file work.pdb (PDB, C-alpha atoms)
ATOM      1  CA  LYS A 156     -67.748   0.797  -9.517
ATOM      2  CA  ASN A 157     -64.370   2.428 -10.106
ATOM      3  CA  GLU A 158     -64.310   5.653 -12.060
ATOM      4  CA  VAL A 159     -61.670   4.157 -14.355
ATOM      5  CA  GLU A 160     -61.910   0.571 -15.539
ATOM      6  CA  GLN A 161     -59.300  -1.214 -17.628
ATOM      7  CA  SER A 162     -59.568  -4.412 -19.594
ATOM      8  CA  PRO A 163     -58.209  -6.942 -19.734
ATOM      9  CA  GLN A 164     -56.538  -7.132 -16.327
ATOM     10  CA  ASN A 165     -53.982  -9.588 -17.660
ATOM     11  CA  LEU A 166     -52.903 -10.209 -21.234
ATOM     12  CA  THR A 167     -50.385 -12.708 -22.562
ATOM     13  CA  ALA A 168     -49.435 -12.729 -26.217
ATOM     14  CA  GLN A 169     -46.739 -13.925 -28.586
ATOM     15  CA  GLU A 170     -44.064 -11.673 -29.961
ATOM     16  CA  GLY A 171     -45.289  -9.832 -33.029
ATOM     17  CA  GLU A 172     -48.961  -9.783 -32.109
ATOM     18  CA  PHE A 173     -51.056  -6.629 -32.210
ATOM     19  CA  ILE A 174     -52.065  -5.638 -28.686
ATOM     20  CA  THR A 175     -55.067  -3.618 -27.541
ATOM     21  CA  ILE A 176     -55.681  -2.453 -23.983
ATOM     22  CA  ASN A 177     -58.926  -0.685 -23.165
ATOM     23  CA  CYS A 178     -59.861   2.005 -20.668
ATOM     24  CA  SER A 179     -63.375   3.166 -19.838
ATOM     25  CA  TYR A 180     -64.206   5.997 -17.491
ATOM     26  CA  SER A 181     -67.414   7.301 -15.998
ATOM     27  CA  VAL A 182     -66.647  10.971 -15.381
ATOM     28  CA  GLY A 183     -66.121  13.974 -17.597
ATOM     29  CA  ILE A 184     -62.435  14.424 -18.160
ATOM     30  CA  SER A 185     -60.008  17.087 -19.255
ATOM     31  CA  ALA A 186     -57.170  14.694 -20.032
ATOM     32  CA  LEU A 187     -56.348  10.984 -20.125
ATOM     33  CA  HIS A 188     -52.916   9.489 -19.592
ATOM     34  CA  TRP A 189     -51.445   6.142 -20.539
ATOM     35  CA  LEU A 190     -48.564   5.080 -18.297
ATOM     36  CA  GLN A 191     -46.133   2.159 -18.368
ATOM     37  CA  GLN A 192     -44.733   0.499 -15.259
ATOM     38  CA  HIS A 193     -42.008  -2.137 -15.468
ATOM     39  CA  PRO A 194     -41.500  -4.652 -12.632
ATOM     40  CA  GLY A 195     -39.474  -3.027  -9.889
ATOM     41  CA  GLY A 196     -39.326   0.185 -11.848
ATOM     42  CA  GLY A 197     -40.940   3.530 -11.843
ATOM     43  CA  ILE A 198     -43.771   4.771 -14.002
ATOM     44  CA  VAL A 199     -43.187   6.303 -17.412
ATOM     45  CA  SER A 200     -45.737   8.504 -19.111
ATOM     46  CA  LEU A 201     -46.532   7.272 -22.622
ATOM     47  CA  PHE A 202     -49.304   9.579 -23.797
ATOM     48  CA  MET A 203     -51.520  12.387 -22.667
ATOM     49  CA  LEU A 204     -54.734  12.716 -24.678
ATOM     50  CA  SER A 205     -57.710  15.005 -24.674
ATOM     51  CA  SER A 206     -59.059  14.050 -28.093
ATOM     52  CA  GLY A 207     -58.310  12.025 -31.198
ATOM     53  CA  LYS A 208     -55.252   9.887 -31.585
ATOM     54  CA  LYS A 209     -51.534   9.957 -30.879
ATOM     55  CA  LYS A 210     -48.746   7.744 -32.175
ATOM     56  CA  HIS A 211     -45.238   7.198 -30.894
ATOM     57  CA  GLY A 212     -43.195   4.476 -32.518
ATOM     58  CA  ARG A 213     -45.123   1.216 -32.197
ATOM     59  CA  LEU A 214     -47.571   2.687 -29.716
ATOM     60  CA  ILE A 215     -50.887   4.249 -30.655
ATOM     61  CA  ALA A 216     -53.405   5.779 -28.264
ATOM     62  CA  THR A 217     -56.948   6.768 -29.178
ATOM     63  CA  ILE A 218     -59.739   8.384 -27.243
ATOM     64  CA  ASN A 219     -63.466   8.701 -27.879
ATOM     65  CA  ILE A 220     -64.799  11.433 -25.630
ATOM     66  CA  GLN A 221     -68.468  10.717 -26.404
ATOM     67  CA  GLU A 222     -68.103   7.049 -25.498
ATOM     68  CA  LYS A 223     -65.762   7.770 -22.570
ATOM     69  CA  HIS A 224     -63.321   5.204 -23.854
ATOM     70  CA  SER A 225     -59.657   5.047 -24.758
ATOM     71  CA  SER A 226     -57.475   2.327 -26.243
ATOM     72  CA  LEU A 227     -53.749   1.740 -26.239
ATOM     73  CA  HIS A 228     -52.418  -0.307 -29.145
ATOM     74  CA  ILE A 229     -49.009  -1.888 -29.570
ATOM     75  CA  THR A 230     -48.015  -3.029 -33.032
ATOM     76  CA  ALA A 231     -45.395  -5.739 -33.613
ATOM     77  CA  SER A 232     -45.202  -6.456 -29.891
ATOM     78  CA  HIS A 233     -41.872  -7.418 -28.346
ATOM     79  CA  PRO A 234     -40.929  -9.055 -25.023
ATOM     80  CA  ARG A 235     -39.550  -5.723 -23.823
ATOM     81  CA  ASP A 236     -43.109  -4.362 -24.016
ATOM     82  CA  SER A 237     -43.961  -6.599 -21.063
ATOM     83  CA  ALA A 238     -45.089  -4.267 -18.298
ATOM     84  CA  VAL A 239     -48.155  -2.980 -16.505
ATOM     85  CA  TYR A 240     -50.036  -0.366 -18.506
ATOM     86  CA  ILE A 241     -52.077   2.093 -16.496
ATOM     87  CA  CYS A 242     -54.802   4.455 -17.631
ATOM     88  CA  ALA A 243     -55.349   7.622 -15.599
ATOM     89  CA  VAL A 244     -57.834  10.451 -16.040
ATOM     90  CA  ARG A 245     -57.988  14.016 -14.865
ATOM     91  CA  SER A 246     -61.642  14.756 -14.270
ATOM     92  CA  GLY A 247     -63.184  18.109 -15.121
ATOM     93  CA  GLY A 248     -61.721  20.852 -13.012
ATOM     94  CA  ALA A 249     -59.913  18.548 -10.600
ATOM     95  CA  GLN A 250     -56.150  18.691 -10.367
ATOM     96  CA  LYS A 251     -55.531  15.087  -9.434
ATOM     97  CA  LEU A 252     -55.381  11.929 -11.488
ATOM     98  CA  VAL A 253     -57.615   8.930 -10.937
ATOM     99  CA  PHE A 254     -55.935   5.688 -11.929
ATOM    100  CA  GLY A 255     -57.206   2.430 -13.337
ATOM    101  CA  GLN A 256     -56.030  -0.813 -11.790
ATOM    102  CA  GLY A 257     -53.614  -1.503 -14.621
ATOM    103  CA  THR A 258     -53.269  -4.187 -17.295
ATOM    104  CA  ARG A 259     -50.412  -6.627 -16.924
ATOM    105  CA  LEU A 260     -49.026  -7.423 -20.368
ATOM    106  CA  THR A 261     -46.665 -10.310 -20.993
ATOM    107  CA  ILE A 262     -45.161 -10.825 -24.434
ATOM    108  CA  ASN A 263     -43.555 -14.206 -24.928
ATOM    109  CA  PRO A 264     -40.731 -14.681 -27.442
TER
ATOM    110  CA  GLU B  25     -31.180  16.058 -16.621
ATOM    111  CA  ALA B  26     -31.969  13.824 -13.666
ATOM    112  CA  GLY B  27     -35.530  12.666 -13.254
ATOM    113  CA  VAL B  28     -37.444  12.434 -10.016
ATOM    114  CA  VAL B  29     -35.194  10.959  -7.357
ATOM    115  CA  GLN B  30     -36.483   8.911  -4.450
ATOM    116  CA  SER B  31     -34.764   7.219  -1.578
ATOM    117  CA  PRO B  32     -34.555   4.685  -0.228
ATOM    118  CA  ARG B  33     -35.565   2.283  -2.992
ATOM    119  CA  TYR B  34     -36.470  -0.428  -0.501
ATOM    120  CA  LYS B  35     -37.302  -0.380   3.190
ATOM    121  CA  ILE B  36     -38.191  -3.215   5.519
ATOM    122  CA  ILE B  37     -39.345  -2.354   9.022
ATOM    123  CA  GLU B  38     -41.274  -3.911  11.839
ATOM    124  CA  LYS B  39     -44.748  -2.680  12.608
ATOM    125  CA  LYS B  40     -45.020   0.275  14.979
ATOM    126  CA  GLN B  41     -41.678   1.625  13.789
ATOM    127  CA  PRO B  42     -41.406   4.987  12.037
ATOM    128  CA  VAL B  43     -40.283   5.315   8.440
ATOM    129  CA  ALA B  44     -39.536   8.240   6.143
ATOM    130  CA  PHE B  45     -39.281   8.562   2.384
ATOM    131  CA  TRP B  46     -37.530  11.324   0.507
ATOM    132  CA  CYS B  47     -38.241  12.772  -2.915
ATOM    133  CA  ASN B  48     -36.369  15.293  -5.027
ATOM    134  CA  PRO B  49     -38.504  16.420  -7.985
ATOM    135  CA  ILE B  50     -37.287  17.531 -11.376
ATOM    136  CA  SER B  51     -35.697  20.955 -11.149
ATOM    137  CA  GLY B  52     -38.219  23.710 -11.738
ATOM    138  CA  HIS B  53     -41.264  21.542 -11.138
ATOM    139  CA  ASN B  54     -43.565  23.363  -8.757
ATOM    140  CA  THR B  55     -46.076  20.562  -8.279
ATOM    141  CA  LEU B  56     -45.157  17.466  -6.296
ATOM    142  CA  TYR B  57     -47.301  14.401  -5.667
ATOM    143  CA  TRP B  58     -47.032  11.475  -3.286
ATOM    144  CA  TYR B  59     -48.882   8.313  -4.293
ATOM    145  CA  ARG B  60     -49.314   4.910  -2.706
ATOM    146  CA  GLN B  61     -49.590   1.866  -4.916
ATOM    147  CA  ASN B  62     -50.758  -1.443  -3.531
ATOM    148  CA  LEU B  63     -49.932  -4.663  -5.316
ATOM    149  CA  GLY B  64     -52.002  -5.138  -8.440
ATOM    150  CA  GLN B  65     -53.626  -1.735  -8.192
ATOM    151  CA  GLY B  66     -53.110   1.685  -9.660
ATOM    152  CA  PRO B  67     -51.535   4.504  -7.654
ATOM    153  CA  GLU B  68     -53.664   6.472  -5.216
ATOM    154  CA  LEU B  69     -52.904  10.094  -4.469
ATOM    155  CA  LEU B  70     -51.897  10.814  -0.881
ATOM    156  CA  ILE B  71     -50.955  14.467  -1.107
ATOM    157  CA  ARG B  72     -50.240  17.148  -3.688
ATOM    158  CA  TYR B  73     -48.043  20.183  -3.169
ATOM    159  CA  GLU B  74     -47.979  23.440  -5.071
ATOM    160  CA  ASN B  75     -44.566  24.796  -4.107
ATOM    161  CA  GLU B  76     -44.489  24.435  -0.309
ATOM    162  CA  GLU B  77     -48.265  24.390   0.158
ATOM    163  CA  ALA B  78     -50.205  21.134   0.516
ATOM    164  CA  VAL B  79     -53.254  21.833  -1.652
ATOM    165  CA  ASP B  80     -54.829  18.377  -1.565
ATOM    166  CA  ASP B  81     -54.231  16.060   1.366
ATOM    167  CA  SER B  82     -57.736  14.645   1.571
ATOM    168  CA  GLN B  83     -56.511  11.073   1.061
ATOM    169  CA  LEU B  84     -53.651  11.271   3.555
ATOM    170  CA  PRO B  85     -54.310   9.239   6.736
ATOM    171  CA  LYS B  86     -53.431  12.047   9.059
ATOM    172  CA  ASP B  87     -53.348   9.963  12.214
ATOM    173  CA  ARG B  88     -50.087   8.351  11.171
ATOM    174  CA  PHE B  89     -48.943   9.965   7.942
ATOM    175  CA  SER B  90     -47.309  13.344   7.560
ATOM    176  CA  ALA B  91     -45.522  15.114   4.762
ATOM    177  CA  GLU B  92     -43.559  18.269   4.308
ATOM    178  CA  ARG B  93     -42.019  20.307   1.542
ATOM    179  CA  LEU B  94     -40.502  23.104   3.528
ATOM    180  CA  LYS B  95     -38.626  24.978   0.813
ATOM    181  CA  GLY B  96     -40.875  24.003  -2.067
ATOM    182  CA  VAL B  97     -38.320  21.651  -3.573
ATOM    183  CA  ASP B  98     -37.692  18.231  -2.043
ATOM    184  CA  SER B  99     -40.246  16.527   0.120
ATOM    185  CA  THR B 100     -40.443  13.948   2.891
ATOM    186  CA  LEU B 101     -43.300  11.544   3.600
ATOM    187  CA  LYS B 102     -43.372   9.976   7.055
ATOM    188  CA  ILE B 103     -45.340   7.158   8.624
ATOM    189  CA  GLN B 104     -45.376   6.838  12.394
ATOM    190  CA  PRO B 105     -46.138   4.235  13.548
ATOM    191  CA  ALA B 106     -46.199   1.936  10.524
ATOM    192  CA  GLU B 107     -48.833  -0.791  10.276
ATOM    193  CA  LEU B 108     -48.827  -4.021   8.302
ATOM    194  CA  GLY B 109     -51.287  -2.556   5.823
ATOM    195  CA  ASP B 110     -48.879   0.232   4.945
ATOM    196  CA  SER B 111     -46.782  -2.187   2.901
ATOM    197  CA  ALA B 112     -46.887  -0.746  -0.607
ATOM    198  CA  VAL B 113     -44.852   1.209  -3.139
ATOM    199  CA  TYR B 114     -44.726   4.915  -2.405
ATOM    200  CA  LEU B 115     -44.326   6.934  -5.563
ATOM    201  CA  CYS B 116     -43.325  10.545  -5.903
ATOM    202  CA  ALA B 117     -44.124  12.512  -9.050
ATOM    203  CA  SER B 118     -43.664  16.078 -10.193
ATOM    204  CA  SER B 119     -44.980  18.368 -12.889
ATOM    205  CA  LEU B 120     -44.357  21.906 -14.001
ATOM    206  CA  ALA B 121     -47.869  23.007 -13.120
ATOM    207  CA  PRO B 122     -51.087  21.406 -11.877
ATOM    208  CA  GLY B 123     -53.063  21.747 -15.089
ATOM    209  CA  GLN B 124     -52.593  19.654 -18.188
ATOM    210  CA  GLU B 125     -48.939  18.914 -17.645
ATOM    211  CA  THR B 126     -47.466  15.436 -17.750
ATOM    212  CA  GLN B 127     -46.440  14.015 -14.412
ATOM    213  CA  TYR B 128     -42.992  12.486 -14.135
ATOM    214  CA  PHE B 129     -42.675   9.631 -11.698
ATOM    215  CA  GLY B 130     -39.785   8.546  -9.539
ATOM    216  CA  PRO B 131     -38.789   4.881  -9.173
ATOM    217  CA  GLY B 132     -40.730   4.555  -5.943
ATOM    218  CA  THR B 133     -39.888   3.271  -2.496
ATOM    219  CA  ARG B 134     -41.029  -0.265  -1.839
ATOM    220  CA  LEU B 135     -42.023  -0.579   1.835
ATOM    221  CA  LEU B 136     -42.504  -3.871   3.600
ATOM    222  CA  VAL B 137     -43.863  -3.785   7.137
ATOM    223  CA  LEU B 138     -43.362  -7.013   9.091
TER
END
call {"tool": "encode", "arguments": {"input": "work.pdb", "output": "structure tokens"}}
result
Amino acid sequence: KNEVEQSPQNLTAQEGEFITINCSYSVGISALHWLQQHPGGGIVSLFMLSSGKKKHGRLIATINIQEKHSSLHITASHPRDSAVYICAVRSGGAQKLVFGQGTRLTINP
Amino acid sequence: EAGVVQSPRYKIIEKKQPVAFWCNPISGHNTLYWYRQNLGQGPELLIRYENEEAVDDSQLPKDRFSAERLKGVDSTLKIQPAELGDSAVYLCASSLAPGQETQYFGPGTRLLVL
């Protein structure tokens, strides 16, 4: 079992829909990152969380430390949101990130 | 300010040939990471540098992979000889420090070994 599991692996939705991507992890963490990767492009950091909730534009990220679970939400989704969204955790005292396998999101117009 | 720069963006080579990737991190970032990302998977750390010192290379296949960051700024990752299974995207990232800082990723080098 991977230390970081994302669901769903693939998600297709219509423009305007509310999107939720989930991340569960099995280790104690000091930080959790949500990243966005466009086809053929590099990776962009969206959020870094250690507790609670963060919001940036139409993106919202939440984390529940007790349940070892985080969610990334996209409100009023748009085709340009189509990308792979990756969850990554920094465990305890380690200095490296462990990545989930990613969730491929496709938003159709 | 420029982000993390990588070159080349794409490389196609035949197996058993050598290949090298170059990364220039964001100015002032002491920590540099090399990752490998296989299709449909998340990145996997190959090596992490603090300035010029490799502080975590436990995942680097040392029989064929090598990396250097001689002056603590830009870095080179080399594969010699390349194998078919090395086909992947090689990502470089940098951060100010190894703690809670956000990592900034380069565009990656997409390697195809034939």
call {"tool": "interface_residues", "arguments": {"input": "work.pdb", "of": "chain A", "to": "chain B", "cutoff": "10 Å", "atoms": "only C-alpha atoms", "output": "PyMOL selection string"}}
result
chain A and resi 164+185-188+190+192-193+195-205+239-243+245+248-259
call {"tool": "write_last_selection", "arguments": {"input": "work.pdb", "atoms": "C-alpha atoms", "output": "short mmCIF file (atom, residue, chain, number, x, y, z; two decimals), keeping the file's coordinate frame"}}
result
data_model
loop_
_atom_site.label_atom_id
_atom_site.label_comp_id
_atom_site.auth_asym_id
_atom_site.auth_seq_id
_atom_site.Cartn_x
_atom_site.Cartn_y
_atom_site.Cartn_z
CA GLN A 164 -56.54 -7.13 -16.33
CA SER A 185 -60.01 17.09 -19.26
CA ALA A 186 -57.17 14.69 -20.03
CA LEU A 187 -56.35 10.98 -20.12
CA HIS A 188 -52.92 9.49 -19.59
CA LEU A 190 -48.56 5.08 -18.30
CA GLN A 192 -44.73 0.50 -15.26
CA HIS A 193 -42.01 -2.14 -15.47
CA GLY A 195 -39.47 -3.03 -9.89
CA GLY A 196 -39.33 0.18 -11.85
CA GLY A 197 -40.94 3.53 -11.84
CA ILE A 198 -43.77 4.77 -14.00
CA VAL A 199 -43.19 6.30 -17.41
CA SER A 200 -45.74 8.50 -19.11
CA LEU A 201 -46.53 7.27 -22.62
CA PHE A 202 -49.30 9.58 -23.80
CA MET A 203 -51.52 12.39 -22.67
CA LEU A 204 -54.73 12.72 -24.68
CA SER A 205 -57.71 15.00 -24.67
CA VAL A 239 -48.16 -2.98 -16.50
CA TYR A 240 -50.04 -0.37 -18.51
CA ILE A 241 -52.08 2.09 -16.50
CA CYS A 242 -54.80 4.46 -17.63
CA ALA A 243 -55.35 7.62 -15.60
CA ARG A 245 -57.99 14.02 -14.86
CA GLY A 248 -61.72 20.85 -13.01
CA ALA A 249 -59.91 18.55 -10.60
CA GLN A 250 -56.15 18.69 -10.37
CA LYS A 251 -55.53 15.09 -9.43
CA LEU A 252 -55.38 11.93 -11.49
CA VAL A 253 -57.62 8.93 -10.94
CA PHE A 254 -55.94 5.69 -11.93
CA GLY A 255 -57.21 2.43 -13.34
CA GLN A 256 -56.03 -0.81 -11.79
CA GLY A 257 -53.61 -1.50 -14.62
CA THR A 258 -53.27 -4.19 -17.30
CA ARG A 259 -50.41 -6.63 -16.92
#
call {"tool": "axis_aligned_box", "arguments": {"input": "work.pdb", "around": "range 207-226 of chain A", "padding_each_side": "5 Å", "output": "AutoDock Vina command-line options"}}
result
--center_x -55.8 --center_y 6.6 --center_z -27.5 --size_x 35.3 --size_y 20.8 --size_z 19.9
call {"tool": "residues_around", "arguments": {"input": "work.pdb", "residues": "Leu108 in chain B", "least_positions_apart": "6", "cutoff": "12 Å", "atoms": "all atoms listed in the file", "output": "VMD selection string"}}
result
chain B and resid 36 to 41 135 to 138
call {"tool": "resolve_selection", "arguments": {"input": "work.pdb", "expression": "the PyMOL selection byres ((chain B and resi 92-100) around 6)", "output": "ChimeraX atom specification"}}
result
/B:45-48,75-76,91,101
call {"tool": "atom_distance", "arguments": {"input": "work.pdb", "atom1": "CA of Thr217 in chain A", "atom2": "CA of Gln161 in chain A"}}
result
14.2 Å
call {"tool": "atom_distance", "arguments": {"input": "work.pdb", "atom1": "CA of Pro163 in chain A", "atom2": "CA of Arg60 in chain B"}}
result
22.6 Å
call {"tool": "closest_residue", "arguments": {"input": "work.pdb", "among": "A:Asn219, A:Ser225, A:Ser246, A:Ser232", "to": "Ile262 in chain A", "atoms": "all atoms listed in the file"}}
result
A:Ser232
call {"tool": "atom_distance", "arguments": {"input": "work.pdb", "atom1": "CA of Ile215 in chain A", "atom2": "CA of Ile229 in chain A"}}
result
6.5 Å
call {"tool": "resolve_selection", "arguments": {"input": "work.pdb", "expression": "the PyMOL selection byres ((chain A and resi 231) around 6)", "output": "PyMOL selection string"}}
result
chain A and resi 171-173+230+232
call {"tool": "closest_residue", "arguments": {"input": "work.pdb", "among": "B:Pro42, B:Gln83, B:Gln30, B:Tyr59", "to": "Ala112 in chain B", "atoms": "all atoms listed in the file"}}
result
B:Tyr59
call {"tool": "build_atoms", "arguments": {"input": "work.pdb", "residues": "range 42-62 of chain B", "atoms": "N, CA and C atoms", "output": "PDB file, in the coordinates of the input"}}
result
ATOM      1  N   PRO B  42     -41.236   3.879  12.972  1.00  0.00           N
ATOM      2  CA  PRO B  42     -41.406   4.987  12.037  1.00  0.00           C
ATOM      3  C   PRO B  42     -40.605   4.752  10.768  1.00  0.00           C
ATOM      4  N   VAL B  43     -41.018   5.404   9.693  1.00  0.00           N
ATOM      5  CA  VAL B  43     -40.283   5.315   8.440  1.00  0.00           C
ATOM      6  C   VAL B  43     -40.465   6.628   7.692  1.00  0.00           C
ATOM      7  N   ALA B  44     -39.461   6.997   6.924  1.00  0.00           N
ATOM      8  CA  ALA B  44     -39.536   8.240   6.143  1.00  0.00           C
ATOM      9  C   ALA B  44     -39.026   7.997   4.739  1.00  0.00           C
ATOM     10  N   PHE B  45     -39.669   8.650   3.786  1.00  0.00           N
ATOM     11  CA  PHE B  45     -39.281   8.562   2.384  1.00  0.00           C
ATOM     12  C   PHE B  45     -38.940   9.972   1.899  1.00  0.00           C
ATOM     13  N   TRP B  46     -37.972  10.027   1.007  1.00  0.00           N
ATOM     14  CA  TRP B  46     -37.530  11.324   0.507  1.00  0.00           C
ATOM     15  C   TRP B  46     -37.698  11.383  -0.997  1.00  0.00           C
ATOM     16  N   CYS B  47     -38.041  12.572  -1.490  1.00  0.00           N
ATOM     17  CA  CYS B  47     -38.241  12.772  -2.915  1.00  0.00           C
ATOM     18  C   CYS B  47     -37.635  14.104  -3.331  1.00  0.00           C
ATOM     19  N   ASN B  48     -36.871  14.071  -4.405  1.00  0.00           N
ATOM     20  CA  ASN B  48     -36.369  15.293  -5.027  1.00  0.00           C
ATOM     21  C   ASN B  48     -36.961  15.387  -6.431  1.00  0.00           C
ATOM     22  N   PRO B  49     -37.836  16.348  -6.675  1.00  0.00           N
ATOM     23  CA  PRO B  49     -38.504  16.420  -7.985  1.00  0.00           C
ATOM     24  C   PRO B  49     -37.563  16.961  -9.058  1.00  0.00           C
ATOM     25  N   ILE B  50     -38.034  16.951 -10.265  1.00  0.00           N
ATOM     26  CA  ILE B  50     -37.287  17.531 -11.376  1.00  0.00           C
ATOM     27  C   ILE B  50     -37.143  19.041 -11.135  1.00  0.00           C
ATOM     28  N   SER B  51     -35.969  19.549 -11.402  1.00  0.00           N
ATOM     29  CA  SER B  51     -35.697  20.955 -11.149  1.00  0.00           C
ATOM     30  C   SER B  51     -36.694  21.845 -11.881  1.00  0.00           C
ATOM     31  N   GLY B  52     -37.267  22.786 -11.133  1.00  0.00           N
ATOM     32  CA  GLY B  52     -38.219  23.710 -11.738  1.00  0.00           C
ATOM     33  C   GLY B  52     -39.662  23.271 -11.670  1.00  0.00           C
ATOM     34  N   HIS B  53     -39.887  22.028 -11.254  1.00  0.00           N
ATOM     35  CA  HIS B  53     -41.264  21.542 -11.138  1.00  0.00           C
ATOM     36  C   HIS B  53     -41.880  22.022  -9.827  1.00  0.00           C
ATOM     37  N   ASN B  54     -42.945  22.792  -9.943  1.00  0.00           N
ATOM     38  CA  ASN B  54     -43.565  23.363  -8.757  1.00  0.00           C
ATOM     39  C   ASN B  54     -44.515  22.391  -8.064  1.00  0.00           C
ATOM     40  N   THR B  55     -45.064  21.459  -8.836  1.00  0.00           N
ATOM     41  CA  THR B  55     -46.076  20.562  -8.279  1.00  0.00           C
ATOM     42  C   THR B  55     -45.447  19.215  -7.950  1.00  0.00           C
ATOM     43  N   LEU B  56     -45.706  18.739  -6.744  1.00  0.00           N
ATOM     44  CA  LEU B  56     -45.157  17.466  -6.296  1.00  0.00           C
ATOM     45  C   LEU B  56     -46.284  16.617  -5.742  1.00  0.00           C
ATOM     46  N   TYR B  57     -46.259  15.337  -6.078  1.00  0.00           N
ATOM     47  CA  TYR B  57     -47.301  14.401  -5.667  1.00  0.00           C
ATOM     48  C   TYR B  57     -46.666  13.240  -4.922  1.00  0.00           C
ATOM     49  N   TRP B  58     -47.351  12.763  -3.917  1.00  0.00           N
ATOM     50  CA  TRP B  58     -47.032  11.475  -3.286  1.00  0.00           C
ATOM     51  C   TRP B  58     -48.217  10.536  -3.542  1.00  0.00           C
ATOM     52  N   TYR B  59     -47.880   9.346  -4.042  1.00  0.00           N
ATOM     53  CA  TYR B  59     -48.882   8.313  -4.293  1.00  0.00           C
ATOM     54  C   TYR B  59     -48.518   7.049  -3.519  1.00  0.00           C
ATOM     55  N   ARG B  60     -49.529   6.249  -3.239  1.00  0.00           N
ATOM     56  CA  ARG B  60     -49.314   4.910  -2.706  1.00  0.00           C
ATOM     57  C   ARG B  60     -49.909   3.919  -3.703  1.00  0.00           C
ATOM     58  N   GLN B  61     -49.128   2.892  -3.980  1.00  0.00           N
ATOM     59  CA  GLN B  61     -49.590   1.866  -4.916  1.00  0.00           C
ATOM     60  C   GLN B  61     -49.534   0.504  -4.248  1.00  0.00           C
ATOM     61  N   ASN B  62     -50.694  -0.086  -4.062  1.00  0.00           N
ATOM     62  CA  ASN B  62     -50.758  -1.443  -3.531  1.00  0.00           C
ATOM     63  C   ASN B  62     -50.617  -2.440  -4.665  1.00  0.00           C
TER      64      ASN B  62
END
